[in-house]
$ cat model-v7.csv   # CSV, C-alpha atoms and all ligand atoms
chain,number,residue,atom,x,y,z
A,1,MET,CA,-55.1,46.5,-5.8
A,2,GLU,CA,-53.0,43.6,-4.7
A,3,PRO,CA,-49.6,43.5,-6.5
A,4,ALA,CA,-50.4,39.9,-7.4
A,5,ASN,CA,-53.1,41.1,-9.8
A,6,HIS,CA,-50.8,43.2,-11.8
A,7,SER,CA,-49.1,42.2,-15.1
A,8,ASP,CA,-45.4,41.8,-15.2
A,9,SER,CA,-44.8,45.1,-16.9
A,10,GLU,CA,-47.0,46.9,-14.4
A,11,LEU,CA,-45.0,45.3,-11.6
A,12,ILE,CA,-41.8,46.4,-13.2
A,13,SER,CA,-43.0,50.0,-13.5
A,14,MET,CA,-44.2,49.9,-9.9
A,15,PHE,CA,-40.8,48.7,-8.8
A,16,LEU,CA,-39.0,51.3,-10.8
A,17,ASP,CA,-41.3,53.9,-9.1
A,18,GLY,CA,-39.9,52.7,-5.8
A,19,GLN,CA,-42.2,50.0,-4.7
A,20,ALA,CA,-39.9,47.2,-3.6
A,21,ALA,CA,-42.8,44.8,-2.9
A,22,ALA,CA,-43.6,44.7,-6.6
A,23,PHE,CA,-40.3,42.9,-7.2
A,24,ASP,CA,-41.1,40.4,-4.5
A,25,THR,CA,-44.3,39.6,-6.3
A,26,LEU,CA,-42.4,39.1,-9.5
A,27,VAL,CA,-40.0,36.8,-7.8
A,28,ARG,CA,-42.8,34.8,-6.3
A,29,ARG,CA,-44.6,34.6,-9.6
A,30,TYR,CA,-41.6,33.0,-11.3
A,31,GLU,CA,-39.9,31.3,-8.5
A,32,ARG,CA,-41.1,27.8,-9.2
A,33,GLN,CA,-40.3,28.0,-12.9
A,34,VAL,CA,-36.9,29.6,-12.6
A,35,PHE,CA,-35.7,27.5,-9.6
A,36,GLY,CA,-37.1,24.3,-11.1
A,37,PHE,CA,-35.4,25.0,-14.4
A,38,ILE,CA,-32.0,26.0,-12.8
A,39,PHE,CA,-32.1,23.0,-10.5
A,40,GLY,CA,-32.8,20.7,-13.4
A,41,MET,CA,-29.9,22.1,-15.3
A,42,VAL,CA,-27.3,21.9,-12.6
A,43,GLN,CA,-28.8,19.1,-10.5
A,44,ASN,CA,-27.4,20.5,-7.3
A,45,GLU,CA,-29.5,22.4,-4.7
A,46,ALA,CA,-26.8,24.6,-3.3
A,47,LEU,CA,-25.6,25.7,-6.7
A,48,ALA,CA,-29.2,26.2,-7.8
A,49,ASN,CA,-29.8,28.5,-4.9
A,50,ASP,CA,-26.7,30.5,-5.8
A,51,LEU,CA,-27.7,30.8,-9.4
A,52,PHE,CA,-31.3,31.6,-8.5
A,53,GLN,CA,-30.1,34.5,-6.4
A,54,GLU,CA,-27.7,35.6,-9.0
A,55,THR,CA,-30.4,35.6,-11.6
A,56,PHE,CA,-32.7,37.9,-9.7
A,57,VAL,CA,-29.9,40.2,-8.6
A,58,ARG,CA,-29.0,40.6,-12.3
A,59,VAL,CA,-32.6,41.2,-13.1
A,60,LEU,CA,-32.8,43.7,-10.3
A,61,ASN,CA,-29.9,45.7,-11.6
A,62,ALA,CA,-30.9,45.4,-15.3
A,63,LEU,CA,-34.5,46.5,-14.8
A,64,PRO,CA,-33.8,50.2,-15.1
A,65,ASP,CA,-32.4,49.6,-18.5
A,66,TYR,CA,-34.8,46.9,-19.4
A,67,ARG,CA,-36.7,47.5,-22.6
A,68,GLU,CA,-39.5,45.2,-23.1
A,69,ARG,CA,-38.8,43.3,-26.3
A,70,GLY,CA,-40.6,40.1,-25.5
A,71,LYS,CA,-42.0,38.5,-22.5
A,72,PHE,CA,-40.4,39.2,-19.2
A,73,ALA,CA,-40.5,35.5,-18.4
A,74,SER,CA,-38.4,34.6,-21.4
A,75,TRP,CA,-35.9,37.3,-20.6
A,76,LEU,CA,-35.8,36.0,-17.0
A,77,LEU,CA,-35.3,32.4,-18.1
A,78,GLY,CA,-32.7,33.5,-20.6
A,79,ILE,CA,-30.6,35.0,-17.8
A,80,ALA,CA,-31.1,31.9,-15.6
A,81,ARG,CA,-30.1,29.8,-18.6
A,82,ASN,CA,-26.9,31.6,-19.3
A,83,LEU,CA,-25.9,31.4,-15.7
A,84,ALA,CA,-26.7,27.7,-15.5
A,85,LEU,CA,-24.8,27.0,-18.7
A,86,ASP,CA,-21.8,28.9,-17.4
A,87,ALA,CA,-21.9,27.1,-14.2
A,88,LEU,CA,-21.9,23.8,-16.0
A,89,ARG,CA,-19.0,24.8,-18.2
A,90,LYS,CA,-17.1,26.0,-15.2
A,91,ARG,CA,-17.7,22.8,-13.5
A,92,ARG,CA,-16.3,20.9,-16.5
A,93,VAL,CA,-13.2,23.2,-16.5
A,94,GLU,CA,-12.8,22.7,-12.8
A,95,SER,CA,-13.0,18.9,-12.9
A,96,ARG,CA,-10.5,19.0,-15.8
A,97,ILE,CA,-8.1,21.1,-13.8
A,98,PHE,CA,-8.4,19.0,-10.7
A,99,ARG,CA,-7.8,15.9,-12.7
A,100,LEU,CA,-4.7,17.5,-14.1
A,101,GLU,CA,-3.5,18.5,-10.7
A,102,ASN,CA,-4.2,15.2,-9.1
A,103,ARG,CA,-2.0,13.6,-11.7
A,104,THR,CA,0.8,16.1,-10.9
A,105,THR,CA,0.4,16.0,-7.1
A,106,ASN,CA,0.1,13.0,-4.9
A,107,GLY,CA,-2.5,11.0,-6.8
A,108,GLU,CA,-5.1,11.5,-4.0
A,109,ASN,CA,-8.5,11.9,-5.5
A,110,VAL,CA,-9.0,15.3,-3.8
A,111,GLY,CA,-11.0,17.5,-5.9
A,112,ALA,CA,-12.8,15.6,-8.6
A,113,ILE,CA,-15.9,17.6,-8.9
A,114,GLN,CA,-18.7,15.6,-10.3
A,115,PRO,CA,-22.2,16.8,-10.9
A,116,GLU,CA,-23.9,16.0,-7.6
A,117,ILE,CA,-27.1,14.1,-8.0
A,118,PRO,CA,-29.2,14.8,-5.0
A,119,ASP,CA,-29.9,11.6,-3.3
A,120,GLU,CA,-32.3,12.3,-0.6
A,121,VAL,CA,-34.5,9.5,-1.7
A,122,GLU,CA,-34.4,7.4,1.5
A,123,SER,CA,-37.2,5.1,0.8
A,124,GLN,CA,-39.7,4.2,3.4
A,125,ALA,CA,-40.7,0.5,3.4
A,126,ASP,CA,-44.1,0.9,1.8
A,127,MET,CA,-43.0,3.4,-0.8
A,128,VAL,CA,-39.9,1.7,-2.0
A,129,GLU,CA,-41.2,1.0,-5.5
A,130,ARG,CA,-42.5,4.5,-6.1
A,131,GLU,CA,-39.3,6.0,-4.7
A,132,GLU,CA,-37.1,3.8,-6.8
A,133,TRP,CA,-39.1,4.8,-9.8
A,134,LEU,CA,-38.7,8.4,-9.1
A,135,ALA,CA,-35.0,8.0,-8.2
A,136,ARG,CA,-34.5,6.3,-11.5
A,137,MET,CA,-36.2,9.1,-13.3
A,138,ARG,CA,-34.0,11.7,-11.6
A,139,GLU,CA,-30.9,9.8,-12.5
A,140,ALA,CA,-32.1,9.4,-16.0
A,141,LEU,CA,-32.7,13.2,-16.2
A,142,ALA,CA,-29.3,13.9,-14.8
A,143,GLU,CA,-27.7,11.8,-17.4
A,144,LEU,CA,-29.3,13.4,-20.3
A,145,PRO,CA,-27.1,15.6,-22.5
A,146,VAL,CA,-27.5,19.1,-21.3
A,147,GLU,CA,-29.2,20.4,-24.4
A,148,GLN,CA,-31.8,17.7,-24.1
A,149,ARG,CA,-32.2,18.2,-20.3
A,150,GLU,CA,-32.7,21.8,-21.0
A,151,VAL,CA,-35.6,21.3,-23.3
A,152,VAL,CA,-37.2,18.8,-20.8
A,153,TYR,CA,-37.0,21.3,-17.9
A,154,LEU,CA,-38.0,24.3,-20.0
A,155,ARG,CA,-41.0,22.3,-21.2
A,156,TYR,CA,-42.1,20.7,-18.0
A,157,GLU,CA,-40.8,22.9,-15.3
A,158,ALA,CA,-40.9,26.3,-16.9
A,159,ASP,CA,-44.0,25.5,-18.9
A,160,LEU,CA,-42.7,26.9,-22.2
A,161,THR,CA,-44.0,25.8,-25.5
A,162,PHE,CA,-41.6,24.3,-28.0
A,163,GLN,CA,-41.7,27.5,-30.0
A,164,GLN,CA,-40.7,29.5,-26.9
A,165,ILE,CA,-38.0,26.9,-26.1
A,166,ALA,CA,-36.6,27.3,-29.6
A,167,ASP,CA,-36.6,31.1,-29.3
A,168,LEU,CA,-35.0,31.0,-25.9
A,169,THR,CA,-32.3,28.5,-26.8
A,170,GLY,CA,-31.6,29.9,-30.3
A,171,VAL,CA,-32.4,26.8,-32.3
A,172,SER,CA,-35.2,26.0,-34.8
A,173,ILE,CA,-38.4,24.5,-33.5
A,174,ASN,CA,-37.5,21.3,-35.2
A,175,THR,CA,-34.3,21.0,-33.3
A,176,ALA,CA,-36.1,21.7,-30.1
A,177,LEU,CA,-38.7,19.0,-31.0
A,178,GLY,CA,-35.9,16.6,-31.9
A,179,ARG,CA,-34.1,17.1,-28.7
A,180,MET,CA,-37.2,16.5,-26.7
A,181,ARG,CA,-37.9,13.3,-28.7
A,182,TYR,CA,-34.4,12.0,-28.0
A,183,ALA,CA,-34.8,12.9,-24.4
A,184,LEU,CA,-38.1,11.1,-24.1
A,185,ASN,CA,-36.6,8.1,-25.8
A,186,SER,CA,-33.7,7.9,-23.4
A,187,LEU,CA,-36.0,8.4,-20.4
A,188,ARG,CA,-38.4,5.8,-21.7
A,189,LYS,CA,-35.5,3.3,-22.0
A,190,ARG,CA,-34.2,4.1,-18.6
A,191,MET,CA,-37.6,3.8,-17.1
A,192,ASN,CA,-38.4,0.6,-18.9
A,193,ILE,CA,-41.5,2.1,-20.3
A,194,ALA,CA,-42.8,-0.2,-23.0
A,195,THR,CA,-43.5,1.7,-26.1
A,196,GLU,CA,-45.1,-1.0,-28.0
A,197,PRO,CA,-48.6,-1.7,-26.9
A,198,SER,CA,-49.0,-5.1,-25.4
A,199,THR,CA,-52.0,-5.9,-27.5
A,200,ASN,CA,-53.0,-5.1,-31.0
A,201,ASP,CA,-56.4,-4.1,-32.1
B,202,MET,CA,-38.0,-1.6,-33.8
B,203,THR,CA,-39.9,1.6,-33.6
B,204,ASP,CA,-37.8,4.0,-31.8
B,205,THR,CA,-39.6,7.3,-31.3
B,206,GLY,CA,-36.3,9.1,-30.7
B,207,GLU,CA,-34.5,8.1,-33.8
B,208,ALA,CA,-35.6,9.5,-37.1
B,209,PRO,CA,-39.2,8.4,-37.1
B,210,ALA,CA,-40.6,7.5,-40.4
B,211,CYS,CA,-43.8,9.5,-39.9
B,212,PHE,CA,-43.2,13.1,-40.4
B,213,ARG,CA,-46.0,13.9,-38.0
B,214,THR,CA,-44.1,12.1,-35.3
B,215,ARG,CA,-41.3,14.6,-35.9
B,216,TYR,CA,-43.3,17.8,-36.3
B,217,ASP,CA,-46.8,17.4,-34.9
B,218,ALA,CA,-46.9,14.8,-32.1
B,219,LEU,CA,-45.0,16.8,-29.4
B,220,ARG,CA,-46.6,20.1,-30.4
B,221,TYR,CA,-49.9,18.3,-30.0
B,222,THR,CA,-48.9,17.4,-26.4
B,223,SER,CA,-47.9,21.0,-25.7
B,224,GLY,CA,-51.1,22.4,-27.1
B,225,GLU,CA,-49.3,24.2,-29.9
B,226,LEU,CA,-51.4,22.9,-32.8
B,227,SER,CA,-54.1,25.1,-34.2
B,228,ALA,CA,-57.6,23.8,-33.9
B,229,GLU,CA,-57.5,22.7,-37.5
B,230,GLU,CA,-54.1,20.9,-37.1
B,231,ARG,CA,-55.4,19.3,-34.0
B,232,VAL,CA,-58.3,17.7,-35.7
B,233,THR,CA,-56.1,16.5,-38.5
B,234,PHE,CA,-53.6,15.1,-36.1
B,235,GLU,CA,-56.1,13.3,-33.9
B,236,ALA,CA,-57.5,11.6,-37.0
B,237,HIS,CA,-53.9,10.6,-37.9
B,238,LEU,CA,-53.3,9.4,-34.4
B,239,GLU,CA,-56.0,6.7,-34.9
B,240,HIS,CA,-53.9,4.8,-37.3
B,241,CYS,CA,-50.3,5.8,-36.8
B,242,ARG,CA,-48.6,3.8,-34.1
B,243,GLU,CA,-45.4,5.8,-34.2
B,244,CYS,CA,-47.3,9.0,-33.3
B,245,ALA,CA,-49.4,7.2,-30.8
B,246,TRP,CA,-46.4,5.8,-29.0
B,247,LEU,CA,-44.7,9.1,-28.8
B,248,VAL,CA,-47.8,10.8,-27.4
B,249,ASP,CA,-48.2,8.0,-24.9
B,250,ASP,CA,-44.6,8.1,-23.8
B,251,GLU,CA,-44.7,11.8,-23.5
B,252,ARG,CA,-47.8,11.6,-21.2
B,253,THR,CA,-46.2,8.9,-19.1
B,254,ILE,CA,-42.9,10.6,-18.6
B,255,ARG,CA,-44.6,14.0,-18.0
B,256,GLY,CA,-46.6,12.2,-15.3
B,257,VAL,CA,-43.5,10.7,-13.6
B,258,PHE,CA,-41.7,14.1,-13.9
B,259,GLY,CA,-44.7,15.8,-12.2
B,260,ALA,CA,-44.4,13.3,-9.3
B,261,LEU,CA,-40.8,14.2,-8.6
B,262,PRO,CA,-40.3,16.1,-5.3
B,263,ARG,CA,-39.7,19.8,-5.9
B,264,SER,CA,-37.2,21.8,-4.1
B,265,SER,CA,-37.4,25.6,-3.8
B,266,PRO,CA,-35.0,28.4,-3.1
B,267,SER,CA,-33.9,28.6,0.5
B,268,ALA,CA,-35.4,31.2,2.8
B,269,SER,CA,-32.1,33.0,3.0
B,270,VAL,CA,-31.9,33.4,-0.7
B,271,ARG,CA,-35.4,34.7,-0.8
B,272,ALA,CA,-34.7,37.1,2.0
B,273,PHE,CA,-31.5,38.3,0.3
B,274,ILE,CA,-33.3,39.1,-3.0
B,275,SER,CA,-36.0,40.9,-1.2
B,276,GLN,CA,-33.4,42.9,0.7
B,277,GLN,CA,-31.7,43.8,-2.5
B,278,ALA,CA,-35.0,44.8,-4.0
B,279,ALA,CA,-35.7,47.1,-1.1
B,280,ALA,CA,-32.3,48.7,-1.3
B,281,SER,CA,-32.6,49.1,-5.0
B,282,ALA,CA,-36.1,50.6,-4.8
B,283,SER,CA,-35.0,53.2,-2.3
B,284,GLY,CA,-32.6,55.2,-4.2
B,285,ARG,CA,-31.5,52.7,-6.8
B,286,GLU,CA,-28.5,51.5,-4.8
B,287,ARG,CA,-26.5,48.9,-6.6
B,288,VAL,CA,-24.4,47.7,-3.8
B,289,SER,CA,-25.8,46.1,-0.8
B,290,SER,CA,-25.4,47.3,2.7
B,291,SER,CA,-24.3,44.0,4.1
B,292,GLY,CA,-21.0,43.9,2.3
B,293,ARG,CA,-22.2,41.6,-0.4
B,294,THR,CA,-21.7,43.0,-3.8
B,295,ALA,CA,-25.0,43.0,-5.5
B,296,ARG,CA,-24.0,44.1,-8.9
B,297,LEU,CA,-21.5,41.4,-9.6
B,298,GLY,CA,-22.4,37.7,-9.2
B,299,THR,CA,-23.3,38.0,-5.6
B,300,ALA,CA,-22.9,34.5,-4.7
B,301,LEU,CA,-19.8,34.0,-6.8
B,302,VAL,CA,-17.7,37.0,-6.0
B,303,THR,CA,-18.2,37.2,-2.3
B,304,ARG,CA,-16.7,33.8,-1.7
B,305,ILE,CA,-13.3,34.8,-3.0
B,306,PRO,CA,-10.9,35.3,-0.2
B,307,VAL,CA,-8.6,38.3,0.0
B,308,TRP,CA,-5.5,36.4,-0.9
B,309,ALA,CA,-7.0,35.6,-4.3
B,310,TRP,CA,-7.1,39.1,-5.5
B,311,PRO,CA,-3.7,38.9,-7.1
B,312,VAL,CA,-4.9,35.9,-9.0
B,313,ALA,CA,-7.9,37.9,-10.0
B,314,ALA,CA,-5.7,40.7,-11.3
B,315,ALA,CA,-3.6,38.2,-13.2
B,316,ALA,CA,-6.7,36.8,-14.8
B,317,ILE,CA,-7.8,40.2,-15.8
B,318,LEU,CA,-4.5,40.8,-17.5
B,319,LEU,CA,-4.5,37.5,-19.2
B,320,LEU,CA,-8.0,38.0,-20.5
B,321,GLY,CA,-7.1,41.5,-21.7
B,322,VAL,CA,-10.4,42.9,-20.7
B,323,SER,CA,-9.3,45.6,-18.3
B,324,LEU,CA,-10.5,48.2,-20.7
B,325,THR,CA,-14.0,46.9,-21.3
B,326,PHE,CA,-14.1,46.4,-17.6
B,327,GLN,CA,-14.0,50.1,-17.1
B,328,ARG,CA,-17.2,50.6,-19.0
B,329,ASP,CA,-19.4,49.7,-16.1
B,330,ALA,CA,-16.9,50.1,-13.4
B,331,PRO,CA,-18.2,53.1,-11.5
B,332,THR,CA,-20.9,51.3,-9.6
B,333,THR,CA,-19.0,48.1,-9.1
B,334,ALA,CA,-16.8,47.1,-6.3
B,335,PHE,CA,-14.8,44.5,-8.2
B,336,PRO,CA,-11.5,43.9,-6.5
B,337,GLY,CA,-9.5,44.5,-9.6
B,338,ASP,CA,-10.4,48.1,-9.5
B,339,THR,CA,-8.1,48.7,-6.7
B,340,LEU,CA,-5.1,46.9,-8.1
B,341,SER,CA,-2.8,49.1,-10.1
B,342,ALA,CA,0.2,46.8,-10.7
B,343,PRO,CA,-1.2,43.3,-10.8
B,344,VAL,CA,1.6,41.9,-13.1
B,345,ALA,CA,4.1,42.1,-10.3
B,346,LEU,CA,1.9,39.9,-8.1
B,347,LEU,CA,1.6,37.1,-10.5
B,348,PRO,CA,5.0,35.5,-9.8
B,349,ASP,CA,4.2,35.4,-6.1
B,350,VAL,CA,1.1,33.4,-6.9
B,351,SER,CA,2.9,31.1,-9.2
B,352,GLU,CA,5.8,30.6,-6.8
B,353,ALA,CA,3.3,29.8,-4.0
B,354,ASN,CA,2.2,27.0,-6.2
B,355,GLY,CA,3.7,25.9,-9.5
B,356,ILE,CA,0.5,24.5,-10.7
B,357,GLN,CA,-1.1,27.9,-10.6
B,358,ILE,CA,0.3,28.9,-13.9
B,359,ALA,CA,-1.1,25.9,-15.6
B,360,SER,CA,-4.4,26.5,-14.0
B,361,VAL,CA,-4.4,30.1,-15.0
B,362,ALA,CA,-3.6,29.1,-18.6
B,363,GLU,CA,-6.3,26.5,-18.6
B,364,THR,CA,-8.8,28.9,-17.2
B,365,THR,CA,-7.9,31.5,-19.7
B,366,GLU,CA,-8.3,29.1,-22.5
B,367,ALA,CA,-11.7,28.2,-21.3
B,368,SER,CA,-12.6,31.7,-20.7
B,369,THR,CA,-11.7,32.7,-24.2
B,370,ARG,CA,-14.1,30.1,-25.5
B,371,ILE,CA,-16.8,31.3,-23.3
B,372,ARG,CA,-16.1,34.9,-24.3
B,373,THR,CA,-16.5,34.0,-27.9
B,374,SER,CA,-19.9,32.5,-27.4
B,375,ARG,CA,-20.8,35.4,-25.2
B,376,VAL,CA,-20.4,38.0,-27.9
B,377,ARG,CA,-23.7,36.9,-29.4
B,378,ALA,CA,-25.5,36.9,-26.1
B,379,THR,CA,-24.2,40.3,-25.2
B,380,ALA,CA,-25.3,41.6,-28.6
B,381,SER,CA,-28.9,40.4,-28.2
B,382,ASP,CA,-29.5,40.7,-24.5
B,383,ASN,CA,-29.8,43.3,-21.8
B,384,TYR,CA,-27.1,41.9,-19.6
B,385,LEU,CA,-24.9,44.2,-17.8
B,386,ASP,CA,-21.3,43.6,-16.9
B,387,GLU,CA,-21.0,40.3,-18.7
B,388,ASP,CA,-17.3,40.5,-19.0
B,389,VAL,CA,-16.9,41.5,-15.4
B,390,VAL,CA,-19.2,38.8,-14.1
B,391,GLU,CA,-17.3,36.3,-16.3
B,392,LEU,CA,-14.1,37.4,-14.8
B,393,ALA,CA,-15.5,36.8,-11.5
B,394,ASP,CA,-16.4,33.3,-12.6
B,395,ARG,CA,-12.8,32.7,-13.7
B,396,VAL,CA,-11.4,34.2,-10.6
B,397,GLU,CA,-13.6,32.0,-8.5
B,398,THR,CA,-12.3,29.0,-10.4
B,399,LEU,CA,-8.8,30.1,-9.5
B,400,ALA,CA,-9.8,30.7,-6.0
B,401,LEU,CA,-11.2,27.2,-5.7
B,402,ILE,CA,-8.0,25.7,-7.0
B,403,PHE,CA,-5.9,27.8,-4.7
B,404,ASP,CA,-8.2,26.8,-1.8
B,405,GLU,CA,-7.7,23.1,-2.7
B,406,GLU,CA,-4.0,23.5,-2.8
B,407,THR,CA,-3.5,25.6,0.2
B,408,THR,CA,-5.6,23.3,2.4
B,409,GLN,CA,-3.8,20.2,1.4
C,501,ZN,ZN,-47.7,9.5,-37.4
$ encode --input "model-v7.csv" --output "structure tokens"
Amino acid sequence: MEPANHSDSELISMFLDGQAAAFDTLVRRYERQVFGFIFGMVQNEALANDLFQETFVRVLNALPDYRERGKFASWLLGIARNLALDALRKRRVESRIFRLENRTTNGENVGAIQPEIPDEVESQADMVEREEWLARMREALAELPVEQREVVYLRYEADLTFQQIADLTGVSINTALGRMRYALNSLRKRMNIATEPSTND
Amino acid sequence: MTDTGEAPACFRTRYDALRYTSGELSAEERVTFEAHLEHCRECAWLVDDERTIRGVFGALPRSSPSASVRAFISQQAAASASGRERVSSSGRTARLGTALVTRIPVWAWPVAAAAILLLGVSLTFQRDAPTTAFPGDTLSAPVALLPDVSEANGIQIASVAETTEASTRIRTSRVRATASDNYLDEDVVELADRVETLALIFDEETTQ
């Protein structure tokens, strides 16, 4: 049987029995969700790669002690989430430290670490409008407060339901729904999406 | 006027509309909501907005992990499967934030040791120590090294203090996570994070 046909827990057992390929299958199975979520959180490709690697290395090392309490995917995303949140906190600390130092040293703006917004949107002539639209969306996403951005990416990129998002992030489902609503509202405003229908019936 | 994000008047906008879009309503709830949708503009707008934004989101170009990251994970899996090795062969430390720890240059170990002391976690650190290769393991008298570091750069102390403060905050929030999760070596990995922060600062300063 192809590893791809096995359930997560079967793959875990296979891996623990010494079949390395089973882990590769798990990685491939969740790669898009996990990377998409991490990237959404940190908005930086290099950092997302680091954190993605770190997530799976941790999973790898934790698997022997892993007791299935819920879905593997939630556990996996929980690890990714903690790493992403840590990275974001660390980046805030760093930029604070650098600001502090810049004040005390020679005033050169050396190390101000800002979240990098990938800007590879180099529009081709005929796609300008679409590209601008997408770029605006990406900017708007990057500017969302992290707890809102998290819900958006867990919903759209990791395909979680609101109940799963609530469980993963440790808030009530109403809070998760509220965060999504606020996020959608900000995005709508940034994207100039008219909420009011242009006509009435 | 109607602002779907700010306290909608309709309770279904708050509780049902988005769960409708995510397929979380039961069949019965769904029927009820769809009937409601016919005459509630607030709900209709939110459902529309959600659909539009999901569409734009879906059109965003996706990036995926680099080939080297994929290969590295696969390598680690192979090493781990054959004999449950926890440390990689290529000199990268698998068990501790691979990407984070390996970037720290040798001169930063004293800083690492100082951070360990400041955080006061050297004991908890021992818990999972046997299979780790954390640099702090090999430093027996880290205190003595701290003045050198601070002398090398007066700012270092402030940075250490600031980092410690941040770390304390993070640790507090970590207690819960550690209690409810299967993570290994949280404190150690966290230390590595802090150390890397210090290393970055030091890098910045020494390359100026
Ligand atoms: Zn309504």
$ residues_near_point --input "model-v7.csv" --point "(-40.2, 56.3, -6.6)" --cutoff "10 Å" --atoms "all atoms listed in the file" --output "NGL selection string"
(:A and (13-20)) or (:B and (282-285))
$ closest_atom_pairs --input "model-v7.csv" --of "chain B" --to "ligand ZN 501 (chain C)" --cutoff "7 Å" --atoms "only C-alpha atoms and all ligand atoms" --output "Markdown table"
| residue | atom | partner | partner_atom | distance |
| --- | --- | --- | --- | --- |
| B:Cys211 | CA | C:ZN501 | ZN | 4.6 |
| B:Phe212 | CA | C:ZN501 | ZN | 6.5 |
| B:Arg213 | CA | C:ZN501 | ZN | 4.8 |
| B:Thr214 | CA | C:ZN501 | ZN | 4.9 |
| B:His237 | CA | C:ZN501 | ZN | 6.3 |
| B:Leu238 | CA | C:ZN501 | ZN | 6.4 |
| B:Cys241 | CA | C:ZN501 | ZN | 4.6 |
| B:Arg242 | CA | C:ZN501 | ZN | 6.6 |
| B:Glu243 | CA | C:ZN501 | ZN | 5.4 |
| B:Cys244 | CA | C:ZN501 | ZN | 4.1 |
$ write_last_selection --input "model-v7.csv" --atoms "C-alpha atoms" --output "CSV table (one decimal), keeping the file's coordinate frame"
chain,number,residue,atom,x,y,z
B,211,CYS,CA,-43.8,9.5,-39.9
B,212,PHE,CA,-43.2,13.1,-40.4
B,213,ARG,CA,-46.0,13.9,-38.0
B,214,THR,CA,-44.1,12.1,-35.3
B,237,HIS,CA,-53.9,10.6,-37.9
B,238,LEU,CA,-53.3,9.4,-34.4
B,241,CYS,CA,-50.3,5.8,-36.8
B,242,ARG,CA,-48.6,3.8,-34.1
B,243,GLU,CA,-45.4,5.8,-34.2
B,244,CYS,CA,-47.3,9.0,-33.3
$ closest_atom_pairs --input "model-v7.csv" --of "chain A" --to "chain B" --cutoff "6 Å" --atoms "only C-alpha atoms" --output "Markdown table"
| residue | atom | partner | partner_atom | distance |
| --- | --- | --- | --- | --- |
| A:Gly18 | CA | B:Ala282 | CA | 4.5 |
| A:Ala20 | CA | B:Ala279 | CA | 4.9 |
| A:Asn49 | CA | B:Pro266 | CA | 5.5 |
| A:Asp50 | CA | B:Ala300 | CA | 5.6 |
| A:Glu54 | CA | B:Gly298 | CA | 5.7 |
| A:Arg181 | CA | B:Gly206 | CA | 4.9 |
| A:Tyr182 | CA | B:Gly206 | CA | 4.4 |
| A:Asn185 | CA | B:Gly206 | CA | 5.0 |
| A:Thr195 | CA | B:Trp246 | CA | 5.8 |
$ closest_residue --input "model-v7.csv" --among "A:Glu131, A:Asp65, A:Glu139, A:Glu147" --to "Ala84 of chain A" --atoms "all atoms listed in the file"
A:Glu147
$ atom_distance --input "model-v7.csv" --atom1 "atom CA of Glu132 of chain A" --atom2 "atom CA of Asp159 of chain A"
25.8 Å
$ atom_distance --input "model-v7.csv" --atom1 "atom CA of Gln163 of chain A" --atom2 "atom CA of Ala176 of chain A"
8.1 Å
$ atom_distance --input "model-v7.csv" --atom1 "atom CA of Phe234 of chain B" --atom2 "atom CA of Met191 of chain A"
27.3 Å
$ decode --input "model-v7.csv" --residues "segment 227-234 of chain B" --atoms "N, CA, C and O atoms" --output "CSV table (one decimal), in the first residue's frame"
chain,number,residue,atom,x,y,z
B,227,SER,N,-25.2,23.0,11.3
B,227,SER,CA,-25.9,21.7,11.0
B,227,SER,C,-26.9,21.9,9.9
B,227,SER,O,-27.3,23.1,9.6
B,228,ALA,N,-27.4,20.8,9.4
B,228,ALA,CA,-28.4,20.9,8.3
B,228,ALA,C,-29.6,21.8,8.6
B,228,ALA,O,-30.0,22.7,7.8
B,229,GLU,N,-30.0,21.6,9.8
B,229,GLU,CA,-31.2,22.4,10.3
B,229,GLU,C,-30.8,23.8,10.4
B,229,GLU,O,-31.6,24.7,10.0
B,230,GLU,N,-29.7,24.1,11.1
B,230,GLU,CA,-29.3,25.5,11.3
B,230,GLU,C,-29.1,26.2,9.9
B,230,GLU,O,-29.4,27.4,9.7
B,231,ARG,N,-28.6,25.4,9.0
B,231,ARG,CA,-28.4,25.9,7.7
B,231,ARG,C,-29.6,26.4,7.0
B,231,ARG,O,-29.7,27.5,6.4
B,232,VAL,N,-30.6,25.6,7.1
B,232,VAL,CA,-31.9,26.0,6.5
B,232,VAL,C,-32.5,27.2,7.1
B,232,VAL,O,-32.9,28.2,6.4
B,233,THR,N,-32.4,27.3,8.4
B,233,THR,CA,-32.9,28.4,9.2
B,233,THR,C,-32.1,29.7,8.7
B,233,THR,O,-32.7,30.7,8.5
B,234,PHE,N,-30.8,29.5,8.6
B,234,PHE,CA,-30.0,30.7,8.3
B,234,PHE,C,-30.2,31.2,6.9
B,234,PHE,O,-30.2,32.4,6.6
